[in-house]
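J.: Below are the structure tokens for one structure; questions will follow.
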Amino acid sequence: MTAQRTDPPRQLPLDLGHGTGYSRDELVVSGTNNQAAALVDRWPDWPSPVVVLAGPAGSGKSHLAAIWRARANAVVVDARRIGDCIASLGARPALIDDVDAGAVDEQGLFHLINAVRGAGSTLLLTARRFPSAWGVSLPDLASRLKAAATVEIHEPDDLLLAGVITKLFADRQVEVEPHVVQYLVRRIERSLATAMRVVERLDRTALERKMPITRALAAETVSAMDEGQGAFEI
Amino acid sequence: MRVILERSNLLKSLNHVHRVVERRNTIPILSNVLLSAEGASLEMKATDLDLEVTEATPAKVERGGATTVPAHLLYDIVRKLSDGAEVMLKTDEDGNAMTVTSGRSSFRLQCLPQSDFPELSAGSFSHIFRLDSVALKGLIEKTQFAISTEETRYYLNGIYLHTHEVGGKLKLRSVATDGHRLARAEIDAPAGSEGMPGIIIPRKTVSELQKLVDDPDVAVTTELSDTKIRFTIGSVVLTSKLIDGTFPDYQRVIPTGNDKKLILDRQSFAAAVDRVSTISSERGRAVKLSISEGQVTLAVNNPDSGSATEELAADYSSDPIEIGFNAKYLLDVAAQLTGTEAKFMLADAGSPTLIHDMADETALYVLMPMRV
């Protein structure tokens with residue numbers, strides 16, 4: 001902190017937040033997620049009543065899930081309180097986003113899968129890891145999950161990364177030149193989580209300085225992040 | 001077209017409409033004002049394709065018709081004509097030029113055909129309500145200073161006007177923010193505004209509107225849809241496109257748990273901020289407030305030129321706190337307040353501070369600090 005005392009005074013920006021576009025039109029599809037997108041698009045023609053979308057943070061799982069939820073009129077089930085929702089589900093499809101974020105409610109999930117299969121309905125689960133890595137100890141649930149269709153979303157390619165960065169800026173209603181996006185795609189670590197971090201930081205810095213997001217600002221931000229000046233102190 | 005009218009009437013109307021016309025235009029017709037003479041009035045219209053202002057003024061129409069002439073040029077000519085004079089506007093037979101005659105002066109202006117003049121099609125409006133000009137002026141003036149001028153963040157380049165229920169009563173609110181500070185004003189929602197969409201009125205429209213609502217006795221009719229707004233103020237009609245964007249959820253940045261209350265004499269505070277900030281550099285106009293029981297010390301430190309401090313009596317009894325602000329932002333807010341005292345509600349040096357006008361509970365200001 002002592003080093004920062006010598007820095008010039010810095011204006012802090014208001015945390016105005018932003019919306020996130022979850023429509024099908026806003027989904028960026030490339031080679032890494034086209035299987036997952038195709039699966040959502042062809043519902044209810046699914047290979048199995050239970051489908052798992054597995055992929056890293058920021059790979060678009062929640063976006064795909066939101067598209068599917070709207071299309072299938074699915075009920076969103078809270079991963080921590082699965083049991084509470086089963087009775088009221090009826091024949092409606094169900095969605096659990098980020099099922100492996102905490103410890104998996106094995107009993108609840110087992111009963112939910114049975115209820116969905118019994119009603120001839122469908123269930124979509126999104127997770128960071130494959131079901132085999134969730135640490136499920138209930139043998140019946142493990143076998144149910146084995147029978148589920150699992151679709152993987154891979155780490156992004158250039159096309160997807162550029163599309164996602166453009167989308168993240170569009171979510172924030174900030175106009176950014178395509179060459180700035182291309183610059184970021186070439187310079188940042190190839191992961192969607194990094195893309196989200198860099199967009200967030202660029203947006204904040206631009207708001208703080210009241211300036212547009214230019215290539216020079218992108219270069220400054222990327223090198224600051226490379227040097228490990230990662231987190232904001234707010 | 002051949003019309004005769006009072007120079008003062010013509011000047012007043014031209015003054016209202018000519019400001020819309022940009023000084024530099026790549027499309028020649030946009031430099032012009034449309035003049036239409038019909039019945040017993042001359043109508044003037046100017047546009048920049050986003051904003052259109054129309055005003056009619058009484059005139060003796062000897063021969064009806066319409067044409068367009070350079071707006072700023074016509075305004076400058078009429079401005080320099082002698083007060084109380086009559087002005088005659090007459091187009092040539094072929095319509096290529098218009099003569100402006102008053103007393104012994106005569107000017108010939110080149111015209112562009114009125115058929116080329118763009119129409120800002122307003123479409124239909126979903127909501128209509130009336131406001132008195134004082135109320136509308138308040139909504140504008142208390143928030144206008146916080147509008148962002150950074151063009152890429154277009155959704156902040158205007159005033160957000162929307163209805164909001166407070167304690168079972170519907171209010172019409174105006175909000176503006178540039179990401180560093182936020183200003184909010186409200187009035188009782190007028191009949192007809194119920195269910196109106198939240199809209200963002202562009203900065204240029206706001207500033208034109210502000211100049212038009214100076215007359216305190218005029219009722220302003222407001223019509224709006226998702227994409228357009230129209231204000232009718234006496235004989236002036238202002239129609240504008242709205243900003244096609246989503247205004248941020250501003251409620252989230254208005255703190256509710258700030259518990260350190262500081263009450264200051266507004267004028268002495270503003271004068272002290274102004275004095276100490278003399279020493280600050282252009283770039284970082286930070287002023288540090290060291291607040292302790294009964295007292296605030298303002299300090300500015302500029303490594304290039306020196307430092308300044310000033311002490312000020314204050315009503316404060318919470319834990320001491322040090323917090324930095326941009327001096328300009330403090331002065332901007334102080335200039336908006338009307339009461340003799342200003343109330344600051346603080347949390348800590350990194351969180352938004354709330355500023356209330358002690359004389360006007362409906363106005364509210366949020367200021368983000370600077371790290372000093």
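Chain labels A, B, ... are given in the sequence in which chains occur in the structure tokens; within each chain residues are numbered consecutively from 1, and ligands are likewise numbered from 1 in the order shown.
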At a cut-off of 7 Å, which residues of chain A touch chain B? Count only C-alpha atoms and give the answer as a ChimeraX atom specification.
T.: /A:9-18,173-175,207,210-212,234
J.: Got a sec: who's within 10 Å of range 182-189 of chain A, counting only C-alpha atoms, leaving out chain neighbours fewer than 2 positions off, as a ChimeraX atom specification?
T.: /A:157-163,165-166,177-180,191-195,198-199,215,218-219,221-223,225-226
J.: I'd like the contact shell of Asp45 in chain A - 12 Å cut-off, only C-alpha atoms, skipping same-chain residues fewer than 5 positions apart - returned as a list in words.
T.: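 Once the nearby chain positions are removed, what remains is Ala38, Leu39, Val40, Val50, Val51, Ala72, Ser121 and Thr122 of chain A.
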J.: Keeping only C-alpha atoms, take the residues you just selected and write them out as a tab-separated table (two decimals), in the first residue's frame.
T.:
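Contents of the output file out39.tsv:
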chain	number	residue	atom	x	y	z
A	38	ALA	CA	-26.94	-27.76	-31.55
A	39	LEU	CA	-28.17	-29.81	-28.61
A	40	VAL	CA	-30.05	-26.85	-27.16
A	50	VAL	CA	-30.88	-35.91	-18.84
A	51	VAL	CA	-28.23	-33.78	-20.50
A	72	ALA	CA	-38.49	-25.35	-23.03
A	121	SER	CA	-39.73	-34.85	-19.29
A	122	THR	CA	-36.17	-33.51	-19.62
J.: Identify, on the basis of only C-alpha atoms, every residue whose closest approach to range 97-110 of chain B does not exceed 10 Å; exclude the query and any residue fewer than 5 positions from it along the same chain; express the result as a PyMOL selection string.
T.: chain B and resi 1-4+6-7+67-70+73-74+77-78+81-82+85-92
J.: With only C-alpha atoms as the basis for distance, which of B:Leu264, B:Val213, B:Leu112, B:Ile140 is at the shortest distance from Glu311 in chain B?
T.: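 Once distances to Glu311 in chain B are computed over only C-alpha atoms, the minimum belongs to B:Leu264.
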J.: Pick out each residue of range 35-122 of chain A that DSSP on the backbone tags as strand (DSSP E or B); I need them as a ChimeraX atom specification.
T.: /A:50-54,75-76,94-96
J.: If we count only C-alpha atoms, what is near Val76 in chain A at a cut-off of 8 Å, once residues fewer than 4 positions away on the same chain are taken out, given as a list in words?
T.: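 The contact residues come out as Arg69, Ala94, Leu95, Ile96 and Asp97 of chain A.
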J.: Could you go through range 12-229 of chain A and tell me which residues DSSP, when run on the backbone, assigns to alpha helix (DSSP H), listing them as a ChimeraX atom specification?
T.: /A:34-41,61-72,82-89,106-118,139-147,158-171,178-187,192-209,215-226
J.: Between B:Ile355, B:Ala37, B:Ala272, B:Leu346, which has the minimum distance to Glu310 in chain B (counting only C-alpha atoms)?
T.: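 The shortest atom-to-atom distance to Glu310 in chain B comes from B:Ala272.
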